[in-house]
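Below: model16.txt (compact mmCIF, N, CA and C atoms)
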```txt
# COMPACT_ATOMS: atom_id res chain seq x y z
N MET E 1 15.31 -27.36 47.04
CA MET E 1 16.24 -27.31 45.94
C MET E 1 15.62 -27.90 44.67
N THR E 2 14.92 -29.01 44.81
CA THR E 2 14.26 -29.65 43.67
C THR E 2 13.24 -28.72 43.05
N ARG E 3 12.51 -28.00 43.91
CA ARG E 3 11.49 -27.06 43.43
C ARG E 3 12.15 -25.94 42.61
N ILE E 4 13.29 -25.46 43.02
CA ILE E 4 14.00 -24.40 42.29
C ILE E 4 14.46 -24.92 40.93
N ILE E 5 14.99 -26.13 40.89
CA ILE E 5 15.46 -26.72 39.63
C ILE E 5 14.29 -26.92 38.66
N ILE E 6 13.17 -27.42 39.17
CA ILE E 6 11.99 -27.63 38.32
C ILE E 6 11.48 -26.29 37.79
N THR E 7 11.41 -25.28 38.65
CA THR E 7 10.97 -23.95 38.22
C THR E 7 11.91 -23.39 37.16
N LEU E 8 13.21 -23.56 37.37
CA LEU E 8 14.20 -23.09 36.41
C LEU E 8 14.05 -23.81 35.07
N LEU E 9 13.85 -25.13 35.09
CA LEU E 9 13.66 -25.90 33.86
C LEU E 9 12.40 -25.48 33.11
N ILE E 10 11.32 -25.24 33.84
CA ILE E 10 10.08 -24.79 33.22
C ILE E 10 10.28 -23.41 32.58
N SER E 11 10.99 -22.54 33.27
CA SER E 11 11.26 -21.20 32.73
C SER E 11 12.08 -21.27 31.45
N ILE E 12 13.10 -22.12 31.45
CA ILE E 12 13.95 -22.27 30.27
C ILE E 12 13.15 -22.86 29.11
N LEU E 13 12.34 -23.89 29.39
CA LEU E 13 11.52 -24.51 28.36
C LEU E 13 10.53 -23.50 27.78
N SER E 14 9.90 -22.72 28.64
CA SER E 14 8.97 -21.69 28.20
C SER E 14 9.67 -20.66 27.32
N PHE E 15 10.86 -20.24 27.72
CA PHE E 15 11.64 -19.28 26.94
C PHE E 15 11.96 -19.84 25.56
N LEU E 16 12.39 -21.09 25.50
CA LEU E 16 12.74 -21.70 24.22
C LEU E 16 11.53 -21.85 23.31
N LEU E 17 10.39 -22.23 23.87
CA LEU E 17 9.18 -22.35 23.06
C LEU E 17 8.75 -21.00 22.51
N ASN E 18 8.82 -19.95 23.32
CA ASN E 18 8.47 -18.61 22.85
C ASN E 18 9.45 -18.12 21.80
N ALA E 19 10.73 -18.42 21.97
CA ALA E 19 11.74 -18.02 20.99
C ALA E 19 11.48 -18.72 19.67
N GLN E 20 11.12 -20.01 19.71
CA GLN E 20 10.84 -20.75 18.48
C GLN E 20 9.61 -20.18 17.78
N GLU E 21 8.58 -19.84 18.56
CA GLU E 21 7.36 -19.27 17.99
C GLU E 21 7.65 -17.94 17.31
N SER E 22 8.45 -17.07 17.93
CA SER E 22 8.74 -15.78 17.33
C SER E 22 9.60 -15.93 16.08
N LYS E 23 10.43 -16.96 15.99
CA LYS E 23 11.22 -17.19 14.77
C LYS E 23 10.33 -17.49 13.58
N THR E 24 9.22 -18.19 13.80
CA THR E 24 8.36 -18.54 12.67
C THR E 24 7.66 -17.32 12.11
N ASN E 25 7.43 -16.29 12.91
CA ASN E 25 6.77 -15.08 12.42
C ASN E 25 7.74 -14.03 11.90
N ARG E 26 8.98 -14.11 12.33
CA ARG E 26 9.97 -13.13 11.90
C ARG E 26 10.64 -13.61 10.63
N VAL E 27 10.98 -12.66 9.79
CA VAL E 27 11.63 -12.97 8.54
C VAL E 27 12.87 -12.10 8.45
N THR E 28 13.96 -12.67 8.01
CA THR E 28 15.17 -11.87 7.90
C THR E 28 14.99 -10.78 6.86
N SER E 29 15.65 -9.66 7.04
CA SER E 29 15.48 -8.53 6.14
C SER E 29 15.95 -8.85 4.73
N GLU E 30 16.86 -9.82 4.56
CA GLU E 30 17.31 -10.18 3.21
C GLU E 30 16.17 -10.83 2.42
N ASP E 31 15.33 -11.60 3.12
CA ASP E 31 14.23 -12.29 2.45
C ASP E 31 13.05 -11.37 2.20
N GLY E 32 12.88 -10.37 3.03
CA GLY E 32 11.69 -9.55 2.98
C GLY E 32 10.55 -10.28 3.65
N ILE E 33 9.41 -9.65 3.67
CA ILE E 33 8.25 -10.27 4.31
C ILE E 33 7.17 -10.53 3.26
N THR E 34 6.15 -11.26 3.66
CA THR E 34 5.01 -11.54 2.80
C THR E 34 3.80 -10.78 3.32
N ILE E 35 3.08 -10.17 2.40
CA ILE E 35 1.83 -9.47 2.74
C ILE E 35 0.70 -10.23 2.06
N GLU E 36 -0.22 -10.74 2.86
CA GLU E 36 -1.39 -11.43 2.34
C GLU E 36 -2.57 -10.47 2.37
N VAL E 37 -3.26 -10.35 1.24
CA VAL E 37 -4.40 -9.44 1.15
C VAL E 37 -5.63 -10.22 0.72
N THR E 38 -6.72 -10.01 1.44
CA THR E 38 -7.99 -10.68 1.13
C THR E 38 -9.08 -9.64 0.94
N ILE E 39 -9.88 -9.84 -0.09
CA ILE E 39 -11.11 -9.07 -0.29
C ILE E 39 -12.23 -10.07 -0.03
N PRO E 40 -12.98 -9.93 1.07
CA PRO E 40 -13.96 -10.96 1.42
C PRO E 40 -15.34 -10.77 0.82
N ASN E 41 -15.57 -9.64 0.13
CA ASN E 41 -16.96 -9.29 -0.17
C ASN E 41 -17.17 -8.68 -1.56
N THR E 42 -16.64 -9.29 -2.60
CA THR E 42 -16.90 -8.72 -3.93
C THR E 42 -18.37 -8.90 -4.28
N SER E 43 -18.87 -8.03 -5.14
CA SER E 43 -20.29 -8.05 -5.48
C SER E 43 -20.66 -9.20 -6.42
N SER E 44 -19.64 -9.78 -7.08
CA SER E 44 -19.90 -10.92 -7.95
C SER E 44 -18.59 -11.69 -8.16
N ASN E 45 -18.68 -12.79 -8.88
CA ASN E 45 -17.49 -13.57 -9.23
C ASN E 45 -17.01 -13.25 -10.65
N LYS E 46 -17.57 -12.22 -11.25
CA LYS E 46 -17.19 -11.82 -12.60
C LYS E 46 -15.90 -11.01 -12.57
N GLY E 47 -15.08 -11.16 -13.62
CA GLY E 47 -13.87 -10.36 -13.75
C GLY E 47 -12.78 -10.79 -12.79
N LYS E 48 -11.94 -9.82 -12.41
CA LYS E 48 -10.81 -10.05 -11.51
C LYS E 48 -10.70 -8.86 -10.55
N VAL E 49 -9.88 -9.05 -9.53
CA VAL E 49 -9.51 -7.93 -8.66
C VAL E 49 -8.03 -7.64 -8.91
N TYR E 50 -7.73 -6.38 -9.18
CA TYR E 50 -6.35 -5.94 -9.42
C TYR E 50 -5.85 -5.20 -8.19
N PHE E 51 -4.61 -5.50 -7.80
CA PHE E 51 -3.98 -4.94 -6.61
C PHE E 51 -2.71 -4.20 -6.99
N ALA E 52 -2.40 -3.15 -6.24
CA ALA E 52 -1.14 -2.43 -6.41
C ALA E 52 -0.56 -2.14 -5.03
N LEU E 53 0.72 -2.43 -4.86
CA LEU E 53 1.45 -2.15 -3.62
C LEU E 53 2.42 -1.01 -3.91
N TYR E 54 2.28 0.08 -3.17
CA TYR E 54 3.12 1.27 -3.37
C TYR E 54 4.08 1.41 -2.21
N ASN E 55 5.31 1.85 -2.50
CA ASN E 55 6.32 1.99 -1.46
C ASN E 55 6.68 3.44 -1.14
N SER E 56 5.91 4.39 -1.63
CA SER E 56 6.12 5.79 -1.26
C SER E 56 4.90 6.61 -1.64
N LYS E 57 4.80 7.78 -1.05
CA LYS E 57 3.70 8.67 -1.39
C LYS E 57 3.82 9.14 -2.84
N ASP E 58 5.04 9.38 -3.29
CA ASP E 58 5.25 9.82 -4.67
C ASP E 58 4.81 8.75 -5.67
N SER E 59 5.21 7.49 -5.44
CA SER E 59 4.81 6.42 -6.36
C SER E 59 3.30 6.21 -6.32
N PHE E 60 2.70 6.41 -5.16
CA PHE E 60 1.25 6.28 -5.00
C PHE E 60 0.55 7.34 -5.84
N MET E 61 1.00 8.58 -5.73
CA MET E 61 0.39 9.69 -6.45
C MET E 61 0.57 9.54 -7.97
N GLN E 62 1.71 8.97 -8.37
CA GLN E 62 2.00 8.79 -9.80
C GLN E 62 1.48 7.46 -10.33
N ARG E 63 0.91 6.65 -9.46
CA ARG E 63 0.37 5.33 -9.80
C ARG E 63 1.45 4.43 -10.42
N ILE E 64 2.61 4.40 -9.77
CA ILE E 64 3.71 3.53 -10.17
C ILE E 64 3.93 2.54 -9.04
N PRO E 65 3.30 1.36 -9.11
CA PRO E 65 3.38 0.41 -8.00
C PRO E 65 4.74 -0.26 -7.88
N PHE E 66 5.08 -0.60 -6.65
CA PHE E 66 6.26 -1.39 -6.34
C PHE E 66 6.05 -2.83 -6.80
N GLN E 67 4.85 -3.35 -6.57
CA GLN E 67 4.44 -4.66 -7.07
C GLN E 67 2.97 -4.60 -7.44
N LYS E 68 2.60 -5.42 -8.44
CA LYS E 68 1.20 -5.56 -8.83
C LYS E 68 0.79 -7.02 -8.70
N ALA E 69 -0.51 -7.25 -8.55
CA ALA E 69 -1.02 -8.62 -8.49
C ALA E 69 -2.47 -8.59 -8.96
N GLU E 70 -2.95 -9.75 -9.37
CA GLU E 70 -4.35 -9.89 -9.74
C GLU E 70 -4.87 -11.19 -9.18
N ALA E 71 -6.17 -11.22 -8.95
CA ALA E 71 -6.77 -12.41 -8.35
C ALA E 71 -8.06 -12.78 -9.06
N GLU E 72 -8.22 -14.06 -9.28
CA GLU E 72 -9.49 -14.61 -9.74
C GLU E 72 -10.45 -14.58 -8.55
N LEU E 73 -11.72 -14.59 -8.83
CA LEU E 73 -12.72 -14.55 -7.77
C LEU E 73 -13.36 -15.92 -7.57
N LYS E 74 -13.54 -16.27 -6.31
CA LYS E 74 -14.22 -17.51 -5.96
C LYS E 74 -15.04 -17.24 -4.71
N ASP E 75 -16.31 -17.56 -4.76
CA ASP E 75 -17.22 -17.32 -3.64
C ASP E 75 -17.18 -15.86 -3.19
N ASN E 76 -17.14 -14.96 -4.18
CA ASN E 76 -17.11 -13.51 -3.93
C ASN E 76 -15.94 -13.09 -3.04
N LYS E 77 -14.80 -13.74 -3.26
CA LYS E 77 -13.61 -13.49 -2.45
C LYS E 77 -12.38 -13.49 -3.37
N ALA E 78 -11.42 -12.62 -3.06
CA ALA E 78 -10.16 -12.56 -3.80
C ALA E 78 -9.01 -12.53 -2.81
N GLU E 79 -7.91 -13.23 -3.16
CA GLU E 79 -6.73 -13.27 -2.28
C GLU E 79 -5.47 -13.18 -3.12
N VAL E 80 -4.49 -12.40 -2.63
CA VAL E 80 -3.17 -12.33 -3.27
C VAL E 80 -2.08 -12.28 -2.20
N LEU E 81 -0.87 -12.56 -2.64
CA LEU E 81 0.33 -12.44 -1.80
C LEU E 81 1.32 -11.51 -2.48
N PHE E 82 1.87 -10.60 -1.71
CA PHE E 82 3.02 -9.81 -2.14
C PHE E 82 4.20 -10.39 -1.37
N THR E 83 5.26 -10.79 -2.06
CA THR E 83 6.37 -11.46 -1.40
C THR E 83 7.66 -10.68 -1.52
N LYS E 84 8.58 -11.02 -0.63
CA LYS E 84 9.93 -10.42 -0.59
C LYS E 84 9.88 -8.90 -0.48
N ILE E 85 9.05 -8.42 0.43
CA ILE E 85 8.87 -6.99 0.63
C ILE E 85 9.85 -6.51 1.69
N PRO E 86 10.74 -5.57 1.34
CA PRO E 86 11.69 -5.06 2.33
C PRO E 86 11.01 -4.11 3.33
N LYS E 87 11.72 -3.82 4.40
CA LYS E 87 11.21 -2.89 5.41
C LYS E 87 10.91 -1.55 4.75
N GLY E 88 9.90 -0.88 5.28
CA GLY E 88 9.54 0.44 4.76
C GLY E 88 8.08 0.75 4.96
N GLU E 89 7.66 1.83 4.34
CA GLU E 89 6.29 2.29 4.42
C GLU E 89 5.59 1.98 3.11
N TYR E 90 4.37 1.43 3.18
CA TYR E 90 3.65 0.98 2.00
C TYR E 90 2.17 1.31 2.10
N ALA E 91 1.48 1.20 0.95
CA ALA E 91 0.02 1.29 0.90
C ALA E 91 -0.45 0.39 -0.23
N ILE E 92 -1.64 -0.16 -0.08
CA ILE E 92 -2.22 -1.07 -1.07
C ILE E 92 -3.53 -0.47 -1.58
N THR E 93 -3.72 -0.53 -2.89
CA THR E 93 -5.02 -0.20 -3.47
C THR E 93 -5.48 -1.39 -4.31
N CYS E 94 -6.79 -1.46 -4.53
CA CYS E 94 -7.33 -2.54 -5.36
C CYS E 94 -8.67 -2.12 -5.91
N TYR E 95 -9.05 -2.76 -7.00
CA TYR E 95 -10.37 -2.55 -7.56
C TYR E 95 -10.87 -3.83 -8.21
N HIS E 96 -12.20 -3.96 -8.26
CA HIS E 96 -12.85 -5.13 -8.85
C HIS E 96 -13.22 -4.78 -10.29
N ASP E 97 -12.48 -5.35 -11.22
CA ASP E 97 -12.73 -5.15 -12.65
C ASP E 97 -13.80 -6.14 -13.08
N ALA E 98 -15.03 -5.83 -12.75
CA ALA E 98 -16.14 -6.77 -12.95
C ALA E 98 -16.38 -7.10 -14.42
N ASN E 99 -16.15 -6.14 -15.32
CA ASN E 99 -16.38 -6.40 -16.74
C ASN E 99 -15.11 -6.86 -17.45
N ASP E 100 -14.03 -7.05 -16.71
CA ASP E 100 -12.77 -7.64 -17.21
C ASP E 100 -12.19 -6.87 -18.40
N ASN E 101 -12.25 -5.52 -18.34
CA ASN E 101 -11.65 -4.73 -19.41
C ASN E 101 -10.30 -4.13 -19.00
N LYS E 102 -9.78 -4.58 -17.86
CA LYS E 102 -8.45 -4.22 -17.34
C LYS E 102 -8.30 -2.72 -17.02
N LYS E 103 -9.41 -2.10 -16.65
CA LYS E 103 -9.36 -0.71 -16.18
C LYS E 103 -10.54 -0.46 -15.27
N MET E 104 -10.40 0.54 -14.42
CA MET E 104 -11.50 0.91 -13.54
C MET E 104 -12.44 1.83 -14.31
N ASP E 105 -13.71 1.49 -14.31
CA ASP E 105 -14.69 2.24 -15.09
C ASP E 105 -15.39 3.29 -14.23
N PHE E 106 -15.74 4.41 -14.88
CA PHE E 106 -16.38 5.54 -14.21
C PHE E 106 -17.62 5.95 -14.99
N ASP E 107 -18.58 6.52 -14.28
CA ASP E 107 -19.73 7.17 -14.88
C ASP E 107 -19.53 8.66 -14.58
N GLY E 108 -18.94 9.35 -15.52
CA GLY E 108 -18.52 10.73 -15.26
C GLY E 108 -17.34 10.70 -14.32
N PHE E 109 -17.53 11.23 -13.10
CA PHE E 109 -16.46 11.23 -12.10
C PHE E 109 -16.61 10.11 -11.06
N MET E 110 -17.75 9.43 -11.10
CA MET E 110 -18.03 8.41 -10.08
C MET E 110 -17.62 7.03 -10.56
N PRO E 111 -16.86 6.29 -9.72
CA PRO E 111 -16.49 4.93 -10.12
C PRO E 111 -17.72 4.02 -10.09
N ILE E 112 -17.80 3.13 -11.07
CA ILE E 112 -18.92 2.19 -11.10
C ILE E 112 -18.45 0.79 -10.73
N GLU E 113 -17.16 0.64 -10.44
CA GLU E 113 -16.63 -0.64 -9.97
C GLU E 113 -16.09 -0.43 -8.55
N ASP E 114 -16.20 -1.47 -7.74
CA ASP E 114 -15.77 -1.39 -6.34
C ASP E 114 -14.27 -1.22 -6.24
N TYR E 115 -13.84 -0.51 -5.20
CA TYR E 115 -12.41 -0.30 -4.95
C TYR E 115 -12.18 -0.15 -3.46
N GLY E 116 -10.90 -0.25 -3.06
CA GLY E 116 -10.56 -0.07 -1.65
C GLY E 116 -9.07 0.10 -1.47
N SER E 117 -8.67 0.28 -0.23
CA SER E 117 -7.24 0.42 0.08
C SER E 117 -6.96 -0.11 1.49
N SER E 118 -5.68 -0.34 1.75
CA SER E 118 -5.27 -0.85 3.05
C SER E 118 -5.76 0.09 4.15
N ASN E 119 -6.06 -0.46 5.29
CA ASN E 119 -6.60 0.23 6.47
C ASN E 119 -8.07 0.57 6.32
N ASN E 120 -8.68 0.31 5.16
CA ASN E 120 -10.10 0.57 4.94
C ASN E 120 -10.55 1.96 5.39
N PRO E 121 -9.85 3.01 4.94
CA PRO E 121 -10.26 4.36 5.38
C PRO E 121 -11.64 4.70 4.82
N GLU E 122 -12.42 5.38 5.62
CA GLU E 122 -13.75 5.81 5.17
C GLU E 122 -13.62 7.20 4.59
N SER E 123 -13.70 7.27 3.27
CA SER E 123 -13.62 8.57 2.62
C SER E 123 -14.30 8.49 1.27
N PHE E 124 -14.73 9.62 0.79
CA PHE E 124 -15.27 9.70 -0.56
C PHE E 124 -14.14 10.20 -1.44
N GLY E 125 -14.06 9.64 -2.62
CA GLY E 125 -12.98 10.03 -3.51
C GLY E 125 -11.93 8.94 -3.57
N PRO E 126 -10.86 9.22 -4.27
CA PRO E 126 -9.82 8.21 -4.45
C PRO E 126 -9.07 7.93 -3.14
N PRO E 127 -8.50 6.74 -3.01
CA PRO E 127 -7.70 6.42 -1.82
C PRO E 127 -6.54 7.41 -1.66
N GLN E 128 -6.17 7.67 -0.42
CA GLN E 128 -5.06 8.57 -0.11
C GLN E 128 -3.94 7.77 0.57
N PHE E 129 -2.70 8.09 0.24
CA PHE E 129 -1.56 7.35 0.79
C PHE E 129 -1.53 7.42 2.32
N ASP E 130 -1.65 8.61 2.88
CA ASP E 130 -1.52 8.76 4.33
C ASP E 130 -2.56 7.95 5.09
N ALA E 131 -3.77 7.86 4.58
CA ALA E 131 -4.82 7.10 5.25
C ALA E 131 -4.64 5.59 5.05
N SER E 132 -3.91 5.19 4.01
CA SER E 132 -3.75 3.78 3.67
C SER E 132 -2.41 3.18 4.06
N LYS E 133 -1.47 4.00 4.48
CA LYS E 133 -0.10 3.53 4.70
C LYS E 133 0.02 2.63 5.93
N PHE E 134 1.05 1.78 5.88
CA PHE E 134 1.39 0.90 6.99
C PHE E 134 2.88 0.64 6.93
N GLU E 135 3.41 0.16 8.02
CA GLU E 135 4.85 -0.07 8.16
C GLU E 135 5.16 -1.56 8.03
N VAL E 136 6.16 -1.88 7.23
CA VAL E 136 6.69 -3.23 7.14
C VAL E 136 7.95 -3.27 7.97
N VAL E 137 8.00 -4.18 8.94
CA VAL E 137 9.15 -4.26 9.83
C VAL E 137 9.76 -5.66 9.73
N GLU E 138 9.35 -6.58 10.61
CA GLU E 138 9.98 -7.90 10.65
C GLU E 138 9.01 -9.07 10.55
N THR E 139 7.71 -8.81 10.57
CA THR E 139 6.76 -9.93 10.56
C THR E 139 5.87 -9.87 9.33
N ASN E 140 5.42 -11.03 8.89
CA ASN E 140 4.49 -11.09 7.78
C ASN E 140 3.20 -10.38 8.17
N LEU E 141 2.51 -9.83 7.18
CA LEU E 141 1.30 -9.05 7.43
C LEU E 141 0.11 -9.64 6.70
N THR E 142 -1.07 -9.41 7.27
CA THR E 142 -2.31 -9.83 6.66
C THR E 142 -3.27 -8.64 6.66
N PHE E 143 -3.89 -8.39 5.51
CA PHE E 143 -4.87 -7.31 5.39
C PHE E 143 -6.16 -7.85 4.83
N GLU E 144 -7.26 -7.33 5.32
CA GLU E 144 -8.58 -7.58 4.74
C GLU E 144 -9.10 -6.23 4.29
N ILE E 145 -9.30 -6.09 3.00
CA ILE E 145 -9.81 -4.85 2.44
C ILE E 145 -11.25 -5.08 2.04
N LYS E 146 -12.12 -4.21 2.52
CA LYS E 146 -13.55 -4.37 2.22
C LYS E 146 -13.99 -3.31 1.22
N PHE E 147 -14.79 -3.76 0.26
CA PHE E 147 -15.34 -2.84 -0.73
C PHE E 147 -16.61 -2.22 -0.19
```
What do you get writing this file as structure tokens?
Amino acid sequence: MTRIIITLLISILSFLLNAQESKTNRVTSEDGITIEVTIPNTSSNKGKVYFALYNSKDSFMQRIPFQKAEAELKDNKAEVLFTKIPKGEYAITCYHDANDNKKMDFDGFMPIEDYGSSNNPESFGPPQFDASKFEVVETNLTFEIKF
């Protein structure tokens, strides 16, 4: 009988600890979630990295972001947070504005500044929504985008 009670107590304690752990990662839908984005490998510490979070394919194609952010560079790394993001489908794009002129520069049709998007799709040309999209549900998200 004692063994059954001890096993039951351990099971209940384990359940409560797991429930507490899942509460820390879950966010109520009223608050939205936080998306942390890191660029670990910029080519220099010059300029800034500009980020755009899109909440639909249409807004992505029209370049109308749901939220924008910018990051200073330190040790060839940039980090930003998008906060209070409701459930839905999203994509992130970013570029390294190395010369700090607040636009992405091109040599003819070829970009001369580094850029990337969520999911790090391997493609030539501009980022595409379908390759970059992800789902926001109930937990905070972390992305590492590589240039």
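Counting all atoms listed in the file, the residue from E:Cys94, E:Gln62, E:Glu138, E:Lys103 that sits nearest to E:Val49 is E:Cys94.
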Expected answer as a PyMOL selection string: strand (DSSP E) residues in stretch 78-147 of chain E: chain E and resi 78-85+88-97+106-107+110-111+115-117+134-136+141-144
Leaving out E:Ile35 and any residue of its chain fewer than 4 positions from it, which residues lie within 12 Å of it when counting only C-alpha atoms, given as a count of residues only? 30
Grab the atom CA of E:Ala131 to atom N of E:Leu73 distance for me, in Å with one decimal place. 26.8 Å
How many Å lie between atom CA of E:Lys133 and atom CA of E:Glu89, rounded to one decimal?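 These atoms are spaced 6.5 Å apart.
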Test item: residues at most 7 Å from E:Ile145, only N, CA and C atoms, excluding those fewer than 2 positions along its chain, as a compact mmCIF listing (two decimals) with N, CA and C atoms, in the coordinates of the input:
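Written out: part_24.txt:
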```txt
# COMPACT_ATOMS: atom_id res chain seq x y z
N VAL E 37 -3.26 -10.35 1.24
CA VAL E 37 -4.40 -9.44 1.15
C VAL E 37 -5.63 -10.22 0.72
N THR E 38 -6.72 -10.01 1.44
CA THR E 38 -7.99 -10.68 1.13
C THR E 38 -9.08 -9.64 0.94
N ILE E 39 -9.88 -9.84 -0.09
CA ILE E 39 -11.11 -9.07 -0.29
C ILE E 39 -12.23 -10.07 -0.03
N PRO E 40 -12.98 -9.93 1.07
CA PRO E 40 -13.96 -10.96 1.42
C PRO E 40 -15.34 -10.77 0.82
N ASN E 41 -15.57 -9.64 0.13
CA ASN E 41 -16.96 -9.29 -0.17
C ASN E 41 -17.17 -8.68 -1.56
N GLY E 116 -10.90 -0.25 -3.06
CA GLY E 116 -10.56 -0.07 -1.65
C GLY E 116 -9.07 0.10 -1.47
N SER E 117 -8.67 0.28 -0.23
CA SER E 117 -7.24 0.42 0.08
C SER E 117 -6.96 -0.11 1.49
N SER E 118 -5.68 -0.34 1.75
CA SER E 118 -5.27 -0.85 3.05
C SER E 118 -5.76 0.09 4.15
N ASN E 119 -6.06 -0.46 5.29
CA ASN E 119 -6.60 0.23 6.47
C ASN E 119 -8.07 0.57 6.32
N ASN E 120 -8.68 0.31 5.16
CA ASN E 120 -10.10 0.57 4.94
C ASN E 120 -10.55 1.96 5.39
N PHE E 143 -3.89 -8.39 5.51
CA PHE E 143 -4.87 -7.31 5.39
C PHE E 143 -6.16 -7.85 4.83
N PHE E 147 -14.79 -3.76 0.26
CA PHE E 147 -15.34 -2.84 -0.73
C PHE E 147 -16.61 -2.22 -0.19
```
